[in-house]
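K.L.:
My file is coords_19.txt. It has compact mmCIF, C-alpha atoms and all ligand atoms:
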# COMPACT_ATOMS: atom_id res chain seq x y z
CA MET A 296 110.14 92.32 183.40
CA THR A 297 108.99 90.54 180.22
CA VAL A 298 105.25 90.70 179.53
CA ARG A 299 103.71 87.28 178.91
CA PRO A 300 101.76 87.09 175.64
CA THR A 301 98.04 86.48 175.80
CA ILE A 302 96.46 83.68 173.82
CA LEU A 303 92.77 83.52 172.96
CA VAL A 304 91.27 80.11 172.09
CA THR A 305 87.90 80.60 170.40
CA GLN A 306 86.49 77.15 171.20
CA ARG A 307 87.24 74.52 173.81
CA ILE A 308 89.93 72.19 172.43
CA ALA A 309 91.61 69.00 173.73
CA ASP A 310 92.57 69.28 177.42
CA VAL A 311 96.22 68.35 176.78
CA ALA A 312 96.69 71.51 174.72
CA TYR A 313 96.09 73.96 177.57
CA PRO A 314 99.16 73.25 179.79
CA ARG A 315 101.36 73.66 176.72
CA LEU A 316 99.91 77.06 175.93
CA GLU A 317 100.04 78.09 179.58
CA GLN A 318 103.80 77.53 179.57
CA VAL A 319 104.26 80.32 177.06
CA GLY A 320 101.42 82.74 177.79
CA ILE A 321 98.24 83.72 179.55
CA VAL A 322 95.40 81.69 178.08
CA GLU A 323 91.79 82.76 177.72
CA SER A 324 89.47 80.17 176.21
CA ALA A 325 85.86 79.63 175.33
CA THR A 326 84.29 76.86 177.38
CA ALA A 327 82.64 73.74 175.99
CA GLU A 328 79.27 75.05 177.17
CA GLU A 329 79.54 78.37 175.33
CA SER A 330 77.78 78.62 171.99
CA ILE A 331 79.87 79.40 168.92
CA TRP A 332 80.91 83.06 169.01
CA SER A 333 79.19 85.35 166.55
CA HIS A 334 81.32 87.76 164.57
CA ALA A 335 80.30 90.53 166.98
CA GLU A 336 81.44 88.40 169.92
CA LEU A 337 84.70 87.65 168.17
CA LEU A 338 85.21 91.38 167.60
CA ARG A 339 84.49 92.03 171.27
CA ARG A 340 86.84 89.35 172.61
CA GLY A 341 89.55 89.11 169.94
CA PRO A 342 91.48 92.39 170.27
CA SER A 343 94.30 92.74 172.87
CA HIS A 344 95.61 89.24 172.37
CA THR A 345 98.96 88.38 170.84
CA TYR A 346 97.78 85.01 169.55
CA LEU A 347 94.50 83.57 168.42
CA LEU A 348 93.74 79.86 168.11
CA SER A 349 90.76 79.79 165.76
CA THR A 350 88.57 77.19 164.05
CA PRO A 351 86.77 77.20 160.66
CA VAL A 352 83.63 78.80 162.12
CA ASP A 353 85.50 82.00 163.02
CA SER A 354 85.26 84.59 160.30
CA ILE A 355 88.67 86.24 160.48
CA ASP A 356 88.05 89.07 158.04
CA GLU A 357 89.91 92.30 157.40
CA ALA A 358 87.77 94.32 159.84
CA PHE A 359 88.52 91.86 162.61
CA LEU A 360 92.23 91.74 161.84
CA LYS A 361 92.42 95.55 161.78
CA ALA A 362 90.66 95.73 165.14
CA CYS A 363 93.19 93.22 166.49
CA ILE A 364 96.20 95.31 165.55
CA ALA A 365 94.63 98.60 166.65
CA GLN A 366 94.88 97.57 170.33
CA GLN A 367 97.88 96.49 172.40
CA PRO A 368 99.14 93.87 172.47
CA ALA A 369 98.68 93.66 168.71
CA LEU A 370 97.74 90.33 167.17
CA GLN A 371 100.77 88.57 165.70
CA LEU A 372 99.58 85.13 164.68
CA VAL A 373 96.36 83.24 164.04
CA ALA A 374 96.70 79.46 164.37
CA ASN A 375 93.70 78.01 162.57
CA MET A 376 92.85 74.51 163.80
CA ALA A 377 92.05 73.12 160.34
CA VAL A 378 93.81 72.37 157.13
CA GLY A 379 91.42 74.71 155.27
CA TYR A 380 91.70 78.43 155.96
CA ASN A 381 89.06 79.97 153.73
CA ASN A 382 87.54 81.47 156.90
CA ILE A 383 90.53 83.83 157.04
CA ASP A 384 91.36 86.77 154.81
CA VAL A 385 94.99 85.71 154.38
CA ALA A 386 95.74 88.54 151.92
CA ALA A 387 94.61 91.14 154.49
CA ALA A 388 96.54 89.35 157.25
CA THR A 389 99.68 89.41 155.11
CA ARG A 390 99.27 93.13 154.43
CA LEU A 391 98.82 93.75 158.14
CA GLY A 392 101.86 91.63 159.06
CA ILE A 393 99.87 88.88 160.80
CA ILE A 394 101.01 85.29 160.41
CA ILE A 395 98.40 82.62 159.61
CA THR A 396 99.05 78.92 160.19
CA ASN A 397 97.03 75.74 159.57
CA THR A 398 97.18 72.04 160.51
CA PRO A 399 98.01 70.03 157.38
CA GLY A 400 98.72 66.30 157.20
CA VAL A 401 97.47 65.18 160.60
CA LEU A 402 93.86 64.85 159.44
CA SER A 403 94.29 63.34 155.98
CA ASP A 404 93.63 59.71 156.98
CA THR A 405 90.71 60.58 159.22
CA THR A 406 89.07 62.79 156.62
CA ALA A 407 89.60 60.23 153.85
CA ASP A 408 88.08 57.56 156.12
CA LEU A 409 84.98 59.71 156.51
CA ALA A 410 84.85 60.53 152.79
CA PHE A 411 85.03 56.87 151.85
CA GLY A 412 82.49 55.97 154.52
CA LEU A 413 80.16 58.63 153.17
CA LEU A 414 80.62 57.24 149.66
CA LEU A 415 79.71 53.76 150.89
CA ALA A 416 76.79 55.04 152.95
CA THR A 417 75.38 56.95 149.98
CA ALA A 418 75.90 54.17 147.44
CA ARG A 419 74.39 51.53 149.73
CA ARG A 420 71.60 53.80 151.02
CA MET A 421 72.63 53.25 154.64
CA GLY A 422 70.94 56.34 156.07
CA GLU A 423 67.69 55.52 154.34
CA ALA A 424 67.94 51.84 155.35
CA GLU A 425 68.54 52.74 158.98
CA ARG A 426 65.58 55.14 159.02
CA PHE A 427 63.50 52.36 157.46
CA LEU A 428 64.47 49.90 160.19
CA ARG A 429 64.02 52.38 163.05
CA ALA A 430 60.55 53.17 161.73
CA GLY A 431 59.64 49.50 162.29
CA ARG A 432 59.25 48.84 158.57
CA PHE A 433 61.65 45.87 158.34
CA VAL A 434 59.49 42.78 157.95
CA GLY A 435 61.97 40.56 156.12
CA ILE A 436 64.45 40.51 153.23
CA ARG A 437 62.89 41.32 149.89
CA PRO A 438 64.71 40.95 146.57
CA GLN A 439 64.17 44.56 145.56
CA LEU A 440 64.36 46.18 148.98
CA LEU A 441 66.77 49.12 149.37
CA CYS A 442 69.10 48.04 146.58
CA GLY A 443 71.94 50.49 146.10
CA ALA A 444 74.93 50.73 143.77
CA ASP A 445 78.13 48.66 143.86
CA VAL A 446 81.23 50.49 145.01
CA HIS A 447 83.78 47.75 144.27
CA HIS A 448 85.07 47.87 140.68
CA ALA A 449 83.19 51.14 140.05
CA THR A 450 84.93 54.29 138.79
CA LEU A 451 85.87 57.00 141.27
CA GLY A 452 86.70 60.51 140.06
CA ILE A 453 88.85 62.43 142.53
CA ILE A 454 88.97 66.19 142.06
CA GLY A 455 91.97 67.60 143.89
CA ALA A 456 94.95 65.28 144.31
CA GLY A 457 96.48 66.74 147.44
CA ARG A 458 97.08 64.85 150.69
CA ILE A 459 93.42 63.97 151.34
CA GLY A 460 92.63 63.18 147.70
CA LEU A 461 95.56 60.76 147.50
CA THR A 462 94.62 59.16 150.82
CA MET A 463 91.10 58.68 149.44
CA ALA A 464 92.66 56.99 146.39
CA ARG A 465 94.42 54.47 148.66
CA ARG A 466 91.08 53.51 150.20
CA ALA A 467 89.50 53.19 146.74
CA SER A 468 92.30 50.85 145.63
CA GLY A 469 91.27 48.46 148.39
CA PHE A 470 87.84 48.31 146.77
CA ASP A 471 89.32 47.56 143.33
CA MET A 472 87.98 50.82 141.98
CA LYS A 473 89.19 52.43 138.78
CA ILE A 474 90.50 55.81 139.92
CA LEU A 475 90.46 58.91 137.73
CA TYR A 476 91.76 62.21 139.01
CA TYR A 477 91.77 65.81 138.00
CA ASN A 478 94.17 68.28 139.53
CA ARG A 479 95.28 71.75 138.44
CA GLN A 480 98.73 70.32 138.01
CA ARG A 481 99.18 66.81 136.74
CA LEU A 482 101.11 64.58 139.17
CA ALA A 483 104.44 62.96 138.36
CA GLN A 484 104.15 59.60 136.64
CA GLU A 485 105.63 57.78 139.66
CA GLN A 486 102.89 59.20 141.89
CA GLU A 487 100.16 58.30 139.41
CA GLN A 488 101.49 54.73 139.38
CA LEU A 489 101.88 54.55 143.15
CA TYR A 490 98.23 55.55 143.71
CA HIS A 491 96.83 53.77 140.60
CA LEU A 492 95.57 57.08 139.24
CA THR A 493 94.60 58.01 135.70
CA TYR A 494 94.77 61.71 134.94
CA THR A 495 91.52 62.75 133.26
CA PRO A 496 90.46 66.24 132.13
CA PHE A 497 87.76 67.74 134.38
CA GLN A 498 84.75 67.34 132.07
CA GLU A 499 85.70 63.83 131.01
CA LEU A 500 86.11 62.83 134.64
CA LEU A 501 82.57 64.06 135.38
CA GLN A 502 81.25 62.06 132.42
CA GLN A 503 83.06 58.81 133.25
CA ALA A 504 82.96 58.56 137.04
CA ASP A 505 80.33 56.67 139.01
CA PHE A 506 81.40 58.62 142.09
CA VAL A 507 82.85 62.14 142.05
CA SER A 508 84.62 63.13 145.25
CA LEU A 509 85.87 66.66 145.98
CA HIS A 510 89.20 67.14 147.77
CA LEU A 511 90.35 70.62 146.87
CA PRO A 512 90.55 73.86 148.85
CA TYR A 513 87.86 76.49 148.52
CA SER A 514 88.80 79.89 147.11
CA ALA A 515 87.26 82.51 144.83
CA THR A 516 88.48 80.48 141.85
CA SER A 517 86.93 77.19 143.01
CA HIS A 518 83.57 78.78 143.97
CA HIS A 519 80.73 76.68 142.50
CA LEU A 520 83.17 74.43 140.70
CA ILE A 521 80.24 72.01 140.54
CA GLY A 522 77.15 73.77 139.22
CA GLU A 523 74.28 72.98 136.88
CA GLN A 524 76.48 72.42 133.81
CA GLN A 525 78.92 70.14 135.62
CA LEU A 526 76.13 68.10 137.24
CA ALA A 527 74.55 67.66 133.81
CA LEU A 528 77.77 66.02 132.62
CA MET A 529 77.61 63.37 135.35
CA LYS A 530 75.93 59.99 134.83
CA PRO A 531 72.27 59.75 135.91
CA THR A 532 73.51 57.00 138.24
CA GLY A 533 76.34 59.23 139.47
CA ILE A 534 76.92 60.16 143.11
CA LEU A 535 78.64 63.34 144.34
CA ILE A 536 80.67 63.27 147.56
CA ASN A 537 81.77 66.52 149.21
CA THR A 538 83.87 66.50 152.36
CA ALA A 539 85.94 69.55 151.36
CA ARG A 540 84.04 72.86 151.51
CA GLY A 541 80.37 73.57 150.84
CA PRO A 542 80.65 76.48 148.40
CA LEU A 543 82.57 74.31 145.94
CA VAL A 544 79.09 73.13 144.98
CA ASP A 545 76.15 75.29 143.89
CA GLU A 546 73.74 73.81 146.43
CA LYS A 547 70.60 75.04 144.65
CA ALA A 548 71.77 73.45 141.39
CA LEU A 549 72.52 70.24 143.29
CA VAL A 550 69.03 70.13 144.79
CA LYS A 551 67.56 70.60 141.31
CA ALA A 552 69.79 67.88 139.83
CA LEU A 553 68.84 65.43 142.59
CA LYS A 554 65.14 66.18 142.24
CA GLN A 555 65.19 65.81 138.47
CA GLY A 556 67.27 62.63 138.47
CA VAL A 557 70.19 64.31 136.70
CA ILE A 558 72.37 62.49 139.26
CA ALA A 559 71.40 59.68 141.63
CA GLY A 560 72.64 60.85 145.00
CA ALA A 561 74.99 62.93 147.12
CA GLY A 562 76.96 62.46 150.31
CA LEU A 563 77.65 65.78 151.94
CA ASP A 564 79.70 66.59 155.04
CA VAL A 565 79.87 70.30 154.19
CA PHE A 566 77.30 72.86 153.05
CA GLU A 567 77.28 76.09 151.13
CA HIS A 568 75.90 78.20 153.98
CA GLU A 569 76.94 76.22 157.07
CA PRO A 570 75.40 75.57 159.50
CA ALA A 571 72.29 76.10 157.36
CA VAL A 572 71.32 73.21 155.10
CA GLU A 573 68.99 73.54 152.11
CA PRO A 574 65.59 72.37 153.49
CA ASP A 575 64.98 70.39 150.29
CA LEU A 576 68.09 68.29 150.99
CA LEU A 577 66.79 67.43 154.45
CA ALA A 578 63.67 65.99 152.89
CA MET A 579 65.46 63.78 150.35
CA GLU A 580 66.16 60.07 150.81
CA ASN A 581 68.96 59.87 148.21
CA VAL A 582 71.38 62.05 150.17
CA VAL A 583 73.48 61.36 153.25
CA LEU A 584 74.09 64.49 155.30
CA LEU A 585 76.71 64.92 158.03
CA PRO A 586 77.54 67.98 160.17
CA HIS A 587 81.13 68.69 158.98
CA VAL A 588 82.74 65.86 160.94
CA GLY A 589 85.47 64.88 158.44
CA SER A 590 88.32 65.20 160.94
CA ALA A 591 86.26 64.54 164.06
CA THR A 592 88.01 61.74 165.94
CA GLN A 593 89.47 62.17 169.41
CA GLU A 594 92.96 61.34 168.14
CA THR A 595 92.90 63.65 165.16
CA ARG A 596 91.28 66.61 166.90
CA THR A 597 93.94 66.28 169.61
CA ARG A 598 96.71 66.19 166.99
CA MET A 599 95.21 69.25 165.29
CA ALA A 600 94.99 71.17 168.57
CA LEU A 601 98.60 70.34 169.45
CA MET A 602 99.77 71.33 165.99
CA ALA A 603 98.02 74.69 166.29
CA CYS A 604 99.70 75.13 169.70
CA ASP A 605 103.12 74.26 168.23
CA ASN A 606 102.78 77.12 165.78
CA ILE A 607 102.02 79.58 168.54
CA ILE A 608 104.77 78.21 170.79
CA ALA A 609 107.37 78.40 168.00
CA HIS A 610 106.55 82.07 167.50
CA THR A 611 106.81 82.86 171.22
CA GLN A 612 110.31 81.36 171.13
CA GLY A 613 111.42 83.45 168.18
CA GLU A 614 111.30 80.49 165.80
CA ARG A 615 109.55 80.27 162.45
CA PRO A 616 106.14 78.58 162.94
CA PRO A 617 106.14 75.36 160.91
CA ASN A 618 102.80 75.74 159.12
CA ILE A 619 102.65 79.29 157.79
CA VAL A 620 100.17 79.74 154.90
CA ASN A 621 100.84 83.42 154.08
CA PRO A 622 102.34 83.62 150.59
C1 LIG B 701 89.63 71.25 157.98
O1 LIG B 701 90.62 70.89 158.61
O2 LIG B 701 89.70 72.10 157.08
C2 LIG B 701 88.32 70.65 158.36
O3 LIG B 701 87.31 70.98 157.49
C3 LIG B 701 87.94 71.06 159.76
O4 LIG B 701 87.85 69.96 160.53
Show me the file's structure as structure tokens.
Ligand code: DGY
P.N.:
Amino acid sequence: MTVRPTILVTQRIADVAYPRLEQVGIVESATAEESIWSHAELLRRGPSHTYLLSTPVDSIDEAFLKACIAQQPALQLVANMAVGYNNIDVAAATRLGIIITNTPGVLSDTTADLAFGLLLATARRMGEAERFLRAGRFVGIRPQLLCGADVHHATLGIIGAGRIGLTMARRASGFDMKILYYNRQRLAQEQEQLYHLTYTPFQELLQQADFVSLHLPYSATSHHLIGEQQLALMKPTGILINTARGPLVDEKALVKALKQGVIAGAGLDVFEHEPAVEPDLLAMENVVLLPHVGSATQETRTRMALMACDNIIAHTQGERPPNIVNP
């Protein structure tokens, strides 16, 4: 008799995903009512499953992975429901023979929509304006009331020209923006032309852009890519947009720069120590703050869940999972 694999889903995902997983294994899942599992809870519930369907809040570190191969059935694959996988020690997983997969591509449009919306909201002071109105302070149009910065024809600096960065560039083209980009590797000329991109060295991009938007993965090498020195290079009217990962930005340096007028504003969907947010940021009017909702639409979260399932299902059928990130 063949033993059915067990699959642990660490958070409630789209309903349509469950019957698919149930066809290939025995599924145990967190419920929508459960709070996010702590690392201790993950350690308690994770071992003795063949597959794990995780999300970015799960810290899949070496200790956890070791615990998951010490018990039978040993963990074989972690399907992370995100394009980013900095929550997982991929090097340790690789050493331990555990496959890690992600969900690239299916969230690029949705995340770029949010990034561009956040840029607009920050430039045009939408959060502040809405708070103003809700507080009953709107008594009529005034020439100097809540004036923001123009987005159309302004200069956008995109850092990281991967799928999401390029999708952001397409949105910016619709606003007649001048688009600079910096990427570790310069793109082919045809791609630069297709997306109306001008390659610009990192420091020059910071100096020239009205809006700087981050679209690169987080790793030890990109930690605090934007710190005090980089913020000082930006224009005093400049606005920073981060929908990628919080620790790309030194949040304390950002708070200082915003307070001192080194830059004009920030739109943040991600934070250095999520879910904690610097209290100073919460008190500022020139920032727009969102709770990491870049890919949060029904359609996209369903596509991401199904993609994570497809990776697990492929492995159960002896096929190569399509989205392996192990080197
Ligand atoms: C991702 O996919 O990496 C997002 O941040 C999670 O929605």
K.L.:
Could you report the residues within 10 Å of ligand LIG 701 (chain B), using all atoms listed in the file, as a ChimeraX atom specification?
P.N.:
/A:350-352,375-382,397-403,405-406,512-513,538-541,564-565,587-592,595-596,599
K.L.:
Determine, counting all atoms listed in the file, which protein, DNA and RNA residues have an atom within 9 Å of an atom of Leu347 (chain A); residues of the same chain fewer than 5 positions away are not included. Present the result as number ranges by chain.
P.N.:
A: 301-305, 341, 370-375, 607
K.L.:
In Å, rounded to a single decimal, give me how far CA of Phe433 (chain A) is from CA of Leu585 (chain A).
P.N.:
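We find that CA of Leu585 (chain A) and CA of Phe433 (chain A) lie 24.3 Å from each other.
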K.L.:
Mind checking which residues fall within 9 Å of region 362-364 of chain A, counting only C-alpha atoms, ignoring those fewer than 2 positions away in the same chain, and posting them as a PDB file with C-alpha atoms, keeping the file's coordinate frame?
P.N.:
ATOM      1  CA  LEU A 338      85.210  91.380 167.600  1.00  0.00           C
ATOM      2  CA  GLY A 341      89.550  89.110 169.940  1.00  0.00           C
ATOM      3  CA  PRO A 342      91.480  92.390 170.270  1.00  0.00           C
ATOM      4  CA  SER A 343      94.300  92.740 172.870  1.00  0.00           C
ATOM      5  CA  HIS A 344      95.610  89.240 172.370  1.00  0.00           C
ATOM      6  CA  THR A 345      98.960  88.380 170.840  1.00  0.00           C
ATOM      7  CA  GLU A 357      89.910  92.300 157.400  1.00  0.00           C
ATOM      8  CA  ALA A 358      87.770  94.320 159.840  1.00  0.00           C
ATOM      9  CA  PHE A 359      88.520  91.860 162.610  1.00  0.00           C
ATOM     10  CA  LEU A 360      92.230  91.740 161.840  1.00  0.00           C
ATOM     11  CA  GLN A 366      94.880  97.570 170.330  1.00  0.00           C
ATOM     12  CA  GLN A 367      97.880  96.490 172.400  1.00  0.00           C
ATOM     13  CA  PRO A 368      99.140  93.870 172.470  1.00  0.00           C
ATOM     14  CA  ALA A 369      98.680  93.660 168.710  1.00  0.00           C
ATOM     15  CA  LEU A 370      97.740  90.330 167.170  1.00  0.00           C
ATOM     16  CA  GLN A 371     100.770  88.570 165.700  1.00  0.00           C
ATOM     17  CA  LEU A 391      98.820  93.750 158.140  1.00  0.00           C
ATOM     18  CA  ILE A 393      99.870  88.880 160.800  1.00  0.00           C
TER      19      ILE A 393
END
K.L.:
Work out how far CA of Met529 (chain A) is from CA of Glu487 (chain A), in Å to one decimal.
P.N.:
23.5 Å
K.L.:
In the coordinates of the file, take the point (87.6, 57.8, 133.5) and a cut-off of 12 Å; then, counting only C-alpha atoms, name each qualifying protein, DNA or RNA residue as an NGL selection string.
P.N.:
:A and (449-453 or 472-477 or 492-507 or 529-530)
K.L.:
Set the distance at 9 Å and use all atoms listed in the file: which residues neighbour Ser514 (chain A) once local chain neighbours fewer than 2 positions away are removed? I'd like the list as a VMD selection string.
P.N.:
chain A and resid 381 512 516 to 518 542 to 543
K.L.:
Which residue out of A:Lys554, A:Arg307, A:His491, A:His448 has the minimum interatomic distance to Asp471 (chain A) when all atoms listed in the file are used?
P.N.:
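Among A:Lys554, A:Arg307, A:His491, A:His448, it is A:His448 that comes nearest to Asp471 (chain A).
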K.L.:
Just give me the gap between CA of Glu336 (chain A) and CA of Gln318 (chain A) in Å, one decimal is fine.
P.N.:
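Those two atoms sit 26.7 Å apart.
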